[in-house]
$ cat model.txt   # compact mmCIF, C-alpha atoms and all ligand atoms
# COMPACT_ATOMS: atom_id res chain seq x y z
CA MET A 1 -6.40 -18.15 -6.80
CA ALA A 2 -8.99 -17.60 -4.14
CA MET A 3 -12.38 -15.97 -3.89
CA ALA A 4 -14.48 -14.28 -1.29
CA MET A 5 -18.11 -13.36 -1.58
CA ALA A 6 -20.39 -11.38 0.65
CA MET A 7 -23.21 -13.86 1.11
CA GLY A 8 -26.58 -14.02 2.73
CA ALA A 9 -27.03 -10.54 1.32
CA PRO A 10 -29.72 -9.41 -1.10
CA ARG A 11 -28.58 -9.30 -4.77
CA GLU A 12 -28.17 -5.53 -4.68
CA GLN A 13 -25.58 -5.91 -1.91
CA LEU A 14 -23.76 -8.80 -3.53
CA ARG A 15 -20.02 -8.37 -3.64
CA VAL A 16 -17.44 -10.74 -5.04
CA ASP A 17 -13.73 -10.42 -4.36
CA ALA A 18 -11.41 -12.62 -6.36
CA ARG A 19 -7.69 -12.59 -5.84
CA ALA A 20 -4.89 -14.10 -7.89
CA PRO A 21 -1.14 -14.16 -7.28
CA GLY A 22 1.75 -12.99 -9.41
CA LYS A 23 4.55 -15.35 -10.36
CA VAL A 24 8.26 -15.57 -10.64
CA ILE A 25 9.92 -17.47 -13.50
CA LEU A 26 13.00 -19.33 -12.30
CA SER A 27 13.98 -20.52 -15.72
CA GLY A 28 12.77 -20.64 -19.32
CA GLU A 29 10.97 -17.35 -20.08
CA HIS A 30 10.62 -16.42 -23.77
CA ALA A 31 11.82 -19.83 -24.97
CA VAL A 32 8.62 -21.22 -23.42
CA VAL A 33 6.63 -19.23 -26.00
CA HIS A 34 8.45 -21.34 -28.62
CA GLY A 35 7.52 -24.62 -26.99
CA THR A 36 10.29 -25.33 -24.48
CA SER A 37 10.09 -26.00 -20.71
CA ALA A 38 9.98 -23.32 -18.04
CA VAL A 39 9.84 -23.37 -14.26
CA ALA A 40 7.78 -20.86 -12.31
CA ALA A 41 6.34 -20.33 -8.86
CA ALA A 42 3.38 -18.35 -7.52
CA LEU A 43 4.27 -15.31 -5.43
CA GLY A 44 2.63 -14.15 -2.21
CA LEU A 45 1.60 -10.87 -3.84
CA TYR A 46 -1.96 -10.60 -5.14
CA THR A 47 -4.24 -8.75 -7.50
CA THR A 48 -7.83 -8.41 -6.32
CA ALA A 49 -10.90 -7.80 -8.47
CA THR A 50 -13.99 -6.60 -6.64
CA ILE A 51 -17.33 -6.82 -8.41
CA ARG A 52 -20.53 -5.23 -7.17
CA PRO A 53 -23.87 -4.35 -8.71
CA GLY A 54 -23.75 -1.23 -10.83
CA VAL A 55 -25.90 1.83 -10.55
CA ASP A 56 -28.11 3.54 -13.16
CA ASP A 57 -27.78 0.76 -15.73
CA GLY A 58 -24.12 1.48 -16.11
CA CYS A 59 -20.77 -0.25 -15.95
CA VAL A 60 -17.94 1.29 -13.94
CA LEU A 61 -14.32 0.23 -14.33
CA ASP A 62 -11.91 1.50 -11.71
CA LEU A 63 -8.20 0.66 -12.16
CA PRO A 64 -6.46 2.96 -9.68
CA GLN A 65 -2.94 1.76 -10.57
CA LEU A 66 -3.44 2.90 -14.15
CA GLY A 67 -5.39 6.06 -13.30
CA VAL A 68 -8.44 4.63 -15.08
CA ASN A 69 -11.94 5.39 -13.85
CA LEU A 70 -14.50 4.97 -16.60
CA LYS A 71 -18.26 4.76 -16.56
CA TRP A 72 -20.40 3.70 -19.50
CA PRO A 73 -24.14 3.44 -19.92
CA LEU A 74 -24.83 -0.17 -20.96
CA LYS A 75 -26.35 1.13 -24.19
CA VAL A 76 -22.96 2.46 -25.26
CA ILE A 77 -21.24 -0.87 -24.64
CA GLU A 78 -24.01 -2.65 -26.52
CA GLU A 79 -23.31 -0.58 -29.61
CA ILE A 80 -19.64 -1.58 -29.69
CA VAL A 81 -20.18 -5.19 -28.90
CA THR A 82 -23.14 -6.09 -31.07
CA GLN A 83 -21.07 -5.49 -34.17
CA GLY A 84 -20.70 -9.08 -35.33
CA HIS A 85 -21.27 -10.35 -31.83
CA LEU A 86 -24.24 -11.98 -30.17
CA LEU A 87 -25.06 -10.59 -26.79
CA ASP A 88 -25.56 -14.04 -25.46
CA PRO A 89 -22.95 -14.72 -22.80
CA LYS A 90 -21.87 -18.30 -22.33
CA PRO A 91 -19.59 -18.23 -19.30
CA ALA A 92 -19.01 -21.99 -19.40
CA HIS A 93 -17.73 -21.82 -22.99
CA VAL A 94 -14.57 -19.82 -23.45
CA ALA A 95 -14.76 -17.45 -26.41
CA SER A 96 -11.66 -16.54 -28.34
CA TYR A 97 -10.86 -12.88 -28.88
CA ALA A 98 -10.36 -11.86 -32.51
CA GLU A 99 -9.68 -8.20 -33.23
CA SER A 100 -11.58 -8.43 -36.52
CA GLU A 101 -14.77 -9.31 -34.63
CA TRP A 102 -14.53 -6.16 -32.51
CA PRO A 103 -13.87 -3.54 -35.20
CA GLN A 104 -14.95 -0.57 -33.08
CA LEU A 105 -13.32 -1.55 -29.83
CA GLY A 106 -9.79 -0.16 -30.38
CA ALA A 107 -10.97 3.31 -31.39
CA PHE A 108 -13.59 3.34 -28.61
CA VAL A 109 -11.03 2.51 -25.90
CA GLU A 110 -8.56 5.06 -27.26
CA GLN A 111 -11.19 7.77 -27.29
CA GLN A 112 -12.36 6.88 -23.75
CA LEU A 113 -8.87 7.06 -22.31
CA GLY A 114 -7.85 10.28 -24.00
CA LEU A 115 -4.36 11.48 -24.82
CA HIS A 116 -2.82 11.27 -21.38
CA ALA A 117 -3.56 7.66 -20.59
CA VAL A 118 -0.94 5.58 -18.78
CA LYS A 119 0.87 3.14 -21.09
CA GLY A 120 -0.92 -0.18 -21.14
CA ALA A 121 -4.25 1.23 -19.98
CA ASP A 122 -5.74 0.51 -23.42
CA ALA A 123 -4.87 -3.19 -23.20
CA ALA A 124 -6.27 -3.44 -19.66
CA VAL A 125 -9.58 -1.79 -20.67
CA THR A 126 -9.85 -3.87 -23.85
CA ALA A 127 -9.24 -7.11 -21.94
CA PHE A 128 -11.85 -6.04 -19.39
CA LEU A 129 -14.50 -5.23 -22.01
CA PHE A 130 -13.91 -8.56 -23.71
CA LEU A 131 -14.10 -10.61 -20.49
CA TYR A 132 -16.99 -8.64 -19.03
CA THR A 133 -19.27 -8.78 -22.07
CA SER A 134 -18.37 -12.39 -22.89
CA ILE A 135 -18.91 -13.71 -19.35
CA LEU A 136 -21.60 -11.44 -17.88
CA GLY A 137 -23.27 -9.97 -20.92
CA LEU A 138 -24.71 -6.57 -20.19
CA GLN A 139 -25.31 -6.50 -16.46
CA PRO A 140 -24.80 -3.26 -14.57
CA VAL A 141 -21.66 -3.72 -12.49
CA THR A 142 -18.98 -1.77 -10.71
CA VAL A 143 -15.55 -3.35 -11.01
CA ARG A 144 -12.39 -2.30 -9.19
CA VAL A 145 -9.02 -3.99 -9.59
CA THR A 146 -6.13 -3.30 -7.20
CA SER A 147 -2.81 -5.07 -6.87
CA GLU A 148 0.14 -5.60 -4.56
CA LEU A 149 2.22 -6.35 -7.65
CA PRO A 150 4.25 -3.78 -9.55
CA VAL A 151 2.51 -3.38 -12.91
CA GLY A 152 4.64 -4.33 -15.92
CA ALA A 153 7.71 -5.47 -13.98
CA GLY A 154 7.97 -9.16 -14.87
CA LEU A 155 5.99 -10.56 -11.95
CA GLY A 156 2.95 -11.54 -13.97
CA SER A 157 0.72 -8.56 -13.17
CA SER A 158 -1.16 -8.96 -16.48
CA ALA A 159 -1.94 -12.60 -15.78
CA ALA A 160 -3.02 -11.89 -12.19
CA TYR A 161 -5.27 -9.11 -13.56
CA CYS A 162 -6.89 -11.47 -16.08
CA VAL A 163 -7.24 -14.36 -13.59
CA ALA A 164 -8.74 -12.20 -10.83
CA LEU A 165 -11.15 -10.55 -13.29
CA SER A 166 -12.22 -13.82 -14.91
CA ALA A 167 -12.73 -15.51 -11.54
CA GLY A 168 -14.69 -12.56 -10.16
CA LEU A 169 -16.95 -12.33 -13.21
CA LEU A 170 -17.55 -16.10 -13.26
CA ALA A 171 -18.54 -16.07 -9.59
CA TYR A 172 -20.69 -12.97 -10.01
CA CYS A 173 -22.75 -14.63 -12.74
CA GLY A 174 -23.08 -17.84 -10.68
CA GLU A 175 -20.83 -20.03 -12.89
CA ILE A 176 -18.59 -20.58 -9.86
CA ASP A 177 -20.59 -21.58 -6.81
CA LEU A 178 -19.42 -20.17 -3.55
CA PRO A 179 -20.66 -21.39 -0.17
CA GLN A 180 -23.33 -19.29 1.49
CA GLU A 181 -22.06 -19.09 5.04
CA ASN A 182 -20.05 -15.84 4.95
CA GLY A 183 -21.44 -12.77 6.63
CA ALA A 184 -21.84 -9.73 4.39
CA ASP A 185 -18.95 -7.88 5.99
CA ARG A 186 -16.64 -10.79 6.69
CA LYS A 187 -14.04 -11.80 4.15
CA THR A 188 -12.99 -15.45 4.07
CA TRP A 189 -10.90 -16.56 1.12
CA ILE A 190 -12.20 -19.75 -0.42
CA ASP A 191 -10.33 -22.02 -2.79
CA VAL A 192 -12.19 -22.91 -5.95
CA ASN A 193 -12.35 -26.51 -7.24
CA GLU A 194 -9.93 -27.55 -10.00
CA LYS A 195 -12.52 -27.81 -12.76
CA LYS A 196 -13.62 -24.23 -12.21
CA ILE A 197 -10.03 -23.06 -11.89
CA ASP A 198 -9.44 -24.57 -15.30
CA LEU A 199 -12.34 -22.51 -16.69
CA VAL A 200 -10.97 -19.35 -15.06
CA ASN A 201 -7.53 -20.14 -16.48
CA ARG A 202 -8.86 -20.51 -20.03
CA TRP A 203 -10.75 -17.21 -19.89
CA ALA A 204 -7.69 -15.53 -18.38
CA PHE A 205 -5.56 -16.84 -21.24
CA GLU A 206 -7.84 -15.01 -23.69
CA GLY A 207 -7.35 -11.83 -21.66
CA GLU A 208 -3.58 -12.41 -21.71
CA ARG A 209 -3.74 -12.75 -25.50
CA ILE A 210 -5.10 -9.22 -25.64
CA ILE A 211 -2.36 -7.87 -23.36
CA HIS A 212 0.59 -10.05 -24.49
CA GLY A 213 -0.15 -10.84 -28.11
CA ARG A 214 1.33 -14.32 -27.99
CA PRO A 215 1.41 -15.67 -24.42
CA SER A 216 2.67 -19.17 -23.70
CA GLY A 217 0.06 -19.50 -20.94
CA ILE A 218 2.59 -20.03 -18.16
CA ASP A 219 1.73 -16.84 -16.26
CA ASN A 220 -2.05 -17.31 -16.17
CA THR A 221 -1.62 -21.01 -15.36
CA VAL A 222 0.63 -20.34 -12.36
CA SER A 223 -1.62 -17.50 -11.21
CA SER A 224 -4.68 -19.76 -11.46
CA PHE A 225 -3.31 -22.99 -9.97
CA GLY A 226 -0.46 -21.72 -7.77
CA TYR A 227 2.55 -23.74 -6.52
CA VAL A 228 5.91 -24.35 -8.20
CA VAL A 229 5.37 -25.82 -11.64
CA LYS A 230 7.08 -26.93 -14.79
CA PHE A 231 5.23 -25.72 -17.88
CA LYS A 232 5.73 -26.99 -21.39
CA GLN A 233 3.41 -26.53 -24.37
CA GLY A 234 0.37 -25.95 -22.19
CA GLN A 235 1.07 -28.92 -19.91
CA ILE A 236 1.74 -28.27 -16.24
CA THR A 237 3.50 -30.50 -13.80
CA ARG A 238 3.41 -29.53 -10.17
CA LEU A 239 6.88 -29.81 -8.65
CA HIS A 240 6.86 -31.08 -5.09
CA THR A 241 10.18 -29.39 -4.58
CA GLN A 242 12.56 -30.68 -1.95
CA LEU A 243 14.73 -27.61 -1.99
CA PRO A 244 13.70 -24.53 -0.04
CA LEU A 245 14.35 -21.64 -2.40
CA ARG A 246 15.28 -18.24 -1.14
CA MET A 247 15.56 -15.38 -3.55
CA LEU A 248 15.86 -11.64 -3.78
CA LEU A 249 13.77 -9.71 -6.30
CA THR A 250 15.10 -6.33 -7.35
CA ASN A 251 12.91 -4.02 -9.39
CA THR A 252 15.02 -2.03 -11.84
CA GLN A 253 12.05 0.36 -12.16
CA VAL A 254 12.72 0.40 -15.89
CA GLY A 255 9.38 0.16 -17.64
CA ARG A 256 8.84 -2.30 -20.46
CA ASN A 257 6.11 -4.13 -22.22
CA THR A 258 5.85 -7.89 -22.49
CA LYS A 259 3.97 -7.80 -25.80
CA ALA A 260 6.75 -5.86 -27.53
CA LEU A 261 9.53 -8.03 -26.04
CA VAL A 262 7.83 -11.30 -27.01
CA ALA A 263 7.23 -9.96 -30.53
CA GLY A 264 10.91 -8.87 -30.78
CA VAL A 265 12.11 -12.37 -29.88
CA GLY A 266 9.72 -13.85 -32.46
CA GLU A 267 11.14 -11.56 -35.15
CA ARG A 268 14.73 -12.45 -34.23
CA ALA A 269 13.79 -16.12 -34.41
CA LEU A 270 12.47 -15.57 -37.94
CA ARG A 271 15.70 -13.83 -38.97
CA HIS A 272 18.02 -16.45 -37.40
CA PRO A 273 16.00 -19.64 -37.04
CA ALA A 274 18.91 -22.02 -36.50
CA ALA A 275 20.83 -19.89 -34.00
CA MET A 276 17.70 -18.93 -32.06
CA GLY A 277 16.52 -22.54 -32.14
CA ALA A 278 19.82 -23.60 -30.58
CA ILE A 279 19.45 -20.98 -27.84
CA PHE A 280 15.88 -22.10 -27.10
CA LYS A 281 17.15 -25.69 -26.90
CA ALA A 282 19.85 -24.66 -24.42
CA ILE A 283 17.28 -22.81 -22.31
CA ASP A 284 15.12 -25.94 -22.38
CA GLU A 285 18.03 -28.06 -21.10
CA ILE A 286 18.63 -25.54 -18.32
CA ALA A 287 14.97 -25.62 -17.26
CA GLU A 288 15.00 -29.43 -17.22
CA GLU A 289 18.12 -29.42 -15.05
CA VAL A 290 16.49 -26.92 -12.69
CA VAL A 291 13.54 -29.32 -12.39
CA THR A 292 15.86 -32.20 -11.53
CA ILE A 293 17.63 -30.16 -8.86
CA LEU A 294 14.36 -28.95 -7.35
CA LEU A 295 13.13 -32.53 -7.09
CA THR A 296 16.33 -33.82 -5.48
CA PRO A 297 16.04 -34.18 -1.69
CA SER A 298 17.65 -31.21 -0.01
CA GLU A 299 21.14 -31.67 1.39
CA ASN A 300 20.89 -28.46 3.37
CA SER A 301 23.86 -28.72 5.69
CA GLY A 302 22.25 -27.11 8.71
CA GLY A 303 24.70 -24.35 9.44
CA GLU A 304 28.10 -25.92 8.76
CA LYS A 305 30.01 -25.99 5.52
CA LYS A 306 30.57 -29.48 4.16
CA LYS A 307 32.87 -30.94 1.52
CA GLY A 308 31.94 -29.72 -1.99
CA GLU A 309 30.17 -26.64 -0.72
CA GLU A 310 31.36 -23.24 -1.71
CA ILE A 311 32.00 -20.28 0.57
CA VAL A 312 30.12 -17.17 -0.57
CA SER A 313 31.08 -14.76 2.14
CA THR A 314 32.22 -14.66 5.69
CA GLU A 315 32.56 -10.91 6.20
CA GLU A 316 29.87 -9.13 4.19
CA CYS A 317 27.05 -10.97 5.89
CA GLY A 318 28.05 -10.44 9.51
CA PRO A 319 29.24 -13.11 11.92
CA HIS A 320 27.46 -15.96 10.11
CA PRO A 321 29.45 -17.70 7.40
CA VAL A 322 27.55 -17.88 4.13
CA PHE A 323 28.08 -20.78 1.81
CA LYS A 324 26.30 -22.60 -0.96
CA THR A 325 25.42 -26.28 -0.94
CA GLU A 326 26.34 -28.31 -4.02
CA GLN A 327 22.75 -28.02 -5.32
CA GLU A 328 22.87 -24.27 -4.84
CA VAL A 329 26.19 -24.06 -6.66
CA ARG A 330 24.62 -25.89 -9.63
CA LEU A 331 21.51 -23.72 -9.57
CA GLN A 332 23.58 -20.55 -9.47
CA GLU A 333 25.52 -21.70 -12.51
CA LEU A 334 22.28 -22.42 -14.38
CA VAL A 335 20.97 -18.96 -13.47
CA GLU A 336 24.16 -17.42 -14.86
CA MET A 337 23.87 -19.40 -18.10
CA ASN A 338 20.16 -18.62 -18.47
CA GLN A 339 20.83 -14.89 -18.10
CA GLY A 340 23.58 -15.08 -20.75
CA LEU A 341 21.20 -16.74 -23.17
CA LEU A 342 18.44 -14.21 -22.45
CA GLN A 343 20.93 -11.49 -23.25
CA GLY A 344 21.62 -13.32 -26.50
CA ILE A 345 17.99 -13.27 -27.54
CA GLY A 346 17.83 -9.53 -26.93
CA VAL A 347 15.67 -9.16 -23.82
CA SER A 348 18.20 -7.99 -21.25
CA HIS A 349 18.88 -4.37 -20.37
CA LEU A 350 21.77 -2.37 -18.91
CA SER A 351 19.85 -1.97 -15.64
CA ILE A 352 19.52 -5.76 -15.41
CA GLU A 353 23.15 -6.37 -16.24
CA SER A 354 24.41 -3.92 -13.66
CA ILE A 355 22.42 -5.75 -10.96
CA CYS A 356 23.87 -9.05 -12.21
CA GLN A 357 27.37 -7.57 -11.91
CA ILE A 358 26.79 -6.24 -8.42
CA THR A 359 25.44 -9.53 -7.09
CA ALA A 360 28.20 -11.48 -8.89
CA SER A 361 30.75 -9.49 -6.88
CA TYR A 362 29.16 -11.22 -3.84
CA ARG A 363 29.34 -14.52 -5.72
CA LEU A 364 25.56 -14.56 -6.17
CA GLN A 365 24.09 -15.06 -9.63
CA SER A 366 21.09 -13.18 -10.98
CA LYS A 367 18.88 -13.27 -14.02
CA LEU A 368 15.97 -11.27 -15.35
CA THR A 369 12.59 -12.80 -14.61
CA GLY A 370 9.49 -12.51 -16.79
CA ALA A 371 9.82 -10.68 -20.05
CA GLY A 372 12.95 -8.65 -19.19
CA GLY A 373 13.86 -5.38 -20.91
CA GLY A 374 13.85 -3.83 -17.40
CA GLY A 375 11.43 -5.01 -14.73
CA CYS A 376 12.59 -7.37 -12.00
CA VAL A 377 15.80 -9.30 -11.49
CA LEU A 378 15.94 -12.49 -9.49
CA THR A 379 18.97 -13.32 -7.34
CA LEU A 380 19.18 -16.77 -5.84
CA LEU A 381 20.26 -16.65 -2.23
CA PRO A 382 21.96 -19.55 -0.53
CA HIS A 383 19.97 -21.18 2.21
CA SER A 384 22.63 -20.27 4.75
CA ILE A 385 21.93 -16.56 4.36
CA LEU A 386 19.89 -15.52 7.35
CA PRO A 387 16.97 -13.15 6.70
CA ARG A 388 18.40 -10.55 9.08
CA THR A 389 21.56 -10.22 7.00
CA PHE A 390 19.50 -8.46 4.30
N1 LIG B 401 -3.51 -3.91 -11.42
C1 LIG B 401 -3.72 -3.70 -12.71
N2 LIG B 401 -4.71 -2.87 -13.12
C2 LIG B 401 -4.93 -2.70 -14.44
N3 LIG B 401 -4.22 -3.27 -15.43
C3 LIG B 401 -3.23 -4.09 -15.08
C4 LIG B 401 -2.93 -4.35 -13.71
N4 LIG B 401 -1.89 -5.19 -13.68
C5 LIG B 401 -1.55 -5.44 -14.97
N5 LIG B 401 -2.35 -4.79 -15.81
C6 LIG B 401 -2.28 -4.83 -17.30
O1 LIG B 401 -1.12 -5.58 -17.66
C7 LIG B 401 -0.14 -4.75 -18.31
C8 LIG B 401 1.26 -5.14 -17.87
O2 LIG B 401 1.48 -6.42 -18.39
P1 LIG B 401 2.89 -6.94 -18.88
O3 LIG B 401 2.64 -8.30 -19.36
O4 LIG B 401 3.53 -5.96 -19.79
O5 LIG B 401 3.76 -6.98 -17.52
P2 LIG B 401 3.75 -8.06 -16.36
O6 LIG B 401 2.64 -9.02 -16.57
O7 LIG B 401 3.78 -7.34 -15.06
O8 LIG B 401 5.14 -8.78 -16.57
P3 LIG B 401 5.45 -10.24 -17.22
O9 LIG B 401 4.46 -10.45 -18.32
O10 LIG B 401 6.84 -10.10 -17.74
O11 LIG B 401 5.35 -11.18 -16.09
C9 LIG B 401 -0.52 -3.32 -17.90
O12 LIG B 401 -0.03 -2.38 -18.84
C10 LIG B 401 -2.04 -3.44 -17.89
O13 LIG B 401 -2.53 -3.46 -19.21
C1 LIG B 402 8.18 -13.67 -21.70
C2 LIG B 402 7.22 -14.76 -21.27
O1 LIG B 402 7.86 -16.03 -21.52
C3 LIG B 402 6.95 -14.72 -19.77
C4 LIG B 402 6.39 -13.44 -19.28
O2 LIG B 402 6.21 -13.54 -17.88
C5 LIG B 402 5.95 -14.66 -22.07
C6 LIG B 402 5.06 -15.87 -21.97
O3 LIG B 402 5.53 -16.97 -21.67
O4 LIG B 402 3.86 -15.70 -22.21
MG MG B 403 2.42 -10.10 -18.36

$ encode --input "model.txt" --output "structure tokens"
Amino acid sequence: MAMAMAMGAPREQLRVDARAPGKVILSGEHAVVHGTSAVAAALGLYTTATIRPGVDDGCVLDLPQLGVNLKWPLKVIEEIVTQGHLLDPKPAHVASYAESEWPQLGAFVEQQLGLHAVKGADAAVTAFLFLYTSILGLQPVTVRVTSELPVGAGLGSSAAYCVALSAGLLAYCGEIDLPQENGADRKTWIDVNEKKIDLVNRWAFEGERIIHGRPSGIDNTVSSFGYVVKFKQGQITRLHTQLPLRMLLTNTQVGRNTKALVAGVGERALRHPAAMGAIFKAIDEIAEEVVTILLTPSENSGGEKKKGEEIVSTEECGPHPVFKTEQEVRLQELVEMNQGLLQGIGVSHLSIESICQITASYRLQSKLTGAGGGGCVLTLLPHSILPRTF
């Protein structure tokens, strides 16, 4: 997560840009919601929230990817929020969202968006209204969120949205200090200190609760702190991985919704607690083995096949022989097993399986990443594949 702020400018020209990355889950999605380990890495694709002063005592929310452009007089927001809620923002103290405390919010958002709203727009607007009023109170602002990430495709777009928004709002109200040396029209991304990132992360988790229902916290944590991490029951361990990972992400373009998929797995776990528990345990073991492999010094063979390594292809990829190191062979097998188990818990999709079959015909294993049900598929590529072969 990084921030930029137009500084040295009068308050009415203040502008905060906060950006947060998406993530890719290598292993352990869904089971992580039930307390097991997962491994994820931040992606080089970002969501950016831009916050500026508002005009005419109003609040503008512009979400171009969802076709949302709403403007409210602050008085209107006050009416929805004051119901059971003090308009006394405490940005340093993370408030928990409870639907019962916002009885008018659902109907208000629905009515604002109208009948032709894009799926998921209601959750994005609700999360915004919660974060905005809780962190900033009722200040006139104009907020625009744009993203390089596909929305709702398994790459953590919801978490990046919540992290970028939380960070931007916290900086706008002065809870995150940013250095003053930037020129008003220069953008320099600044890293925020760990304590403040932790605050951003906790606010973002509340936003994720609105969008996901029951998030494990892995997505907002990776988006906030970055790097390759192991995540288990809220604890993160940064993995100083020794193995350069190369992967292909294929977007099936099949839309899905993380909240519904997570809820479906929860219901299946209630119907078949022992069987689902055993699958979660197996996924946990896989994630732990992935961690061990990632932390093992790389035995990248530098261009020549060695004993124990497996040939992937010599023809399909041009004149360069493609083979997997022993570590890559093990990782590929774990990816294959993880995908099988994800299919077993009901979150795969025909579009995902057909990609798995196609890559398997090249002896490359794939799995869904994120919530599944469509979205993106991850294919691990051996290190010996040169970028120009794809
Ligand atoms: N750029 C954005 N602008 C507005 N809302 C967004 C944006 N990105 C994500 N969202 C919100 O997040 C929802 C998608 O979240 P969802 O959790 O279903 O998918 P994801 O986060 O991309 O995938 P996963 O959770 O599997 O990693 C959208 O419907 C919207 O509510
Ligand atoms: C499906 C899930 O495990 C990952 C979504 O990216 C949900 C979560 O952990 O919050
Ligand atoms: Mg999400």

$ residues_around --input "model.txt" --residues "Thr146 in chain A" --least-positions-apart "2" --cutoff "8 Å" --atoms "only C-alpha atoms" --output "list of chain:residue names"
A:Thr47, A:Thr48, A:Ala49, A:Leu63, A:Pro64, A:Gln65, A:Arg144, A:Glu148

$ residues_near_ligand --input "model.txt" --ligand "ligand LIG 401 (chain B)" --cutoff "6 Å" --atoms "all atoms listed in the file" --output "PyMOL selection string"
chain A and resi 63+65-66+120-121+123-124+145-147+151-159+161+212+257-258+370-371

$ atom_distance --input "model.txt" --atom1 "CA of Asn251 in chain A" --atom2 "CA of Gly22 in chain A"
14.3 Å

$ residues_around --input "model.txt" --residues "Leu26 in chain A" --least-positions-apart "5" --cutoff "12 Å" --atoms "only C-alpha atoms" --output "compact mmCIF listing (two decimals) with C-alpha atoms, keeping the file's coordinate frame"
# COMPACT_ATOMS: atom_id res chain seq x y z
CA SER A 37 10.09 -26.00 -20.71
CA ALA A 38 9.98 -23.32 -18.04
CA VAL A 39 9.84 -23.37 -14.26
CA ALA A 40 7.78 -20.86 -12.31
CA ALA A 41 6.34 -20.33 -8.86
CA ALA A 42 3.38 -18.35 -7.52
CA LEU A 43 4.27 -15.31 -5.43
CA GLY A 154 7.97 -9.16 -14.87
CA LEU A 155 5.99 -10.56 -11.95
CA ILE A 218 2.59 -20.03 -18.16
CA VAL A 228 5.91 -24.35 -8.20
CA VAL A 229 5.37 -25.82 -11.64
CA LYS A 230 7.08 -26.93 -14.79
CA PHE A 231 5.23 -25.72 -17.88
CA LEU A 245 14.35 -21.64 -2.40
CA ARG A 246 15.28 -18.24 -1.14
CA MET A 247 15.56 -15.38 -3.55
CA LEU A 248 15.86 -11.64 -3.78
CA LEU A 249 13.77 -9.71 -6.30
CA ILE A 283 17.28 -22.81 -22.31
CA ILE A 286 18.63 -25.54 -18.32
CA ALA A 287 14.97 -25.62 -17.26
CA GLU A 288 15.00 -29.43 -17.22
CA GLU A 289 18.12 -29.42 -15.05
CA VAL A 290 16.49 -26.92 -12.69
CA VAL A 291 13.54 -29.32 -12.39
CA LEU A 294 14.36 -28.95 -7.35
CA LEU A 331 21.51 -23.72 -9.57
CA GLN A 332 23.58 -20.55 -9.47
CA LEU A 334 22.28 -22.42 -14.38
CA VAL A 335 20.97 -18.96 -13.47
CA GLU A 336 24.16 -17.42 -14.86
CA ASN A 338 20.16 -18.62 -18.47
CA GLN A 339 20.83 -14.89 -18.10
CA SER A 366 21.09 -13.18 -10.98
CA LYS A 367 18.88 -13.27 -14.02
CA LEU A 368 15.97 -11.27 -15.35
CA THR A 369 12.59 -12.80 -14.61
CA GLY A 370 9.49 -12.51 -16.79
CA CYS A 376 12.59 -7.37 -12.00
CA VAL A 377 15.80 -9.30 -11.49
CA LEU A 378 15.94 -12.49 -9.49
CA THR A 379 18.97 -13.32 -7.34
CA LEU A 380 19.18 -16.77 -5.84

$ closest_residue --input "model.txt" --among "A:Val322, A:Thr252, A:Gly67, A:Pro73" --to "Ser351 in chain A" --atoms "only C-alpha atoms"
A:Thr252

$ residues_around --input "model.txt" --residues "range 98-112 of chain A" --least-positions-apart "2" --cutoff "12 Å" --atoms "all atoms listed in the file" --output "ChimeraX atom specification"
/A:61,68-72,76-86,95-96,114-130,133,206-207,209-210,213

$ atom_distance --input "model.txt" --atom1 "CA of His93 in chain A" --atom2 "atom C2 of ligand LIG 402 (chain B)"
26.0 Å

$ atom_distance --input "model.txt" --atom1 "CA of Ala167 in chain A" --atom2 "CA of Gln233 in chain A"
23.4 Å

$ residues_near_point --input "model.txt" --point "(-2.9, -18.5, -11.3)" --cutoff "9 Å" --atoms "all atoms listed in the file" --output "ChimeraX atom specification"
/A:1,20-23,42,159-160,163-164,197,200-201,218-227

$ closest_residue --input "model.txt" --among "A:Ala278, A:Ile236, A:Val192, A:Val347" --to "Ala260 in chain A" --atoms "all atoms listed in the file"
A:Val347

$ closest_residue --input "model.txt" --among "A:Glu194, A:Glu208, A:Asp17, A:Asp177" --to "ligand LIG 402 (chain B)" --atoms "only C-alpha atoms and all ligand atoms"
A:Glu208

$ residues_around --input "model.txt" --residues "Ser134 in chain A" --least-positions-apart "6" --cutoff "7 Å" --atoms "all atoms listed in the file" --output "list in words"
Pro89, Lys90 and Pro91 of chain A

$ write_last_selection --input "model.txt" --atoms "C-alpha atoms" --output "mmCIF file, in the coordinates of the input"
data_model
loop_
_atom_site.group_PDB
_atom_site.id
_atom_site.type_symbol
_atom_site.label_atom_id
_atom_site.label_comp_id
_atom_site.auth_asym_id
_atom_site.auth_seq_id
_atom_site.Cartn_x
_atom_site.Cartn_y
_atom_site.Cartn_z
ATOM 1 C CA PRO A 89 -22.950 -14.720 -22.800
ATOM 2 C CA LYS A 90 -21.870 -18.300 -22.330
ATOM 3 C CA PRO A 91 -19.590 -18.230 -19.300
#

$ closest_residue --input "model.txt" --among "A:Gly174, A:Gly35, A:Gly340, A:Pro150" --to "ligand LIG 402 (chain B)" --atoms "all atoms listed in the file"
A:Gly35

$ closest_residue --input "model.txt" --among "A:Pro215, A:Gly54, A:Gly264, A:Pro140" --to "ligand LIG 402 (chain B)" --atoms "all atoms listed in the file"
A:Pro215
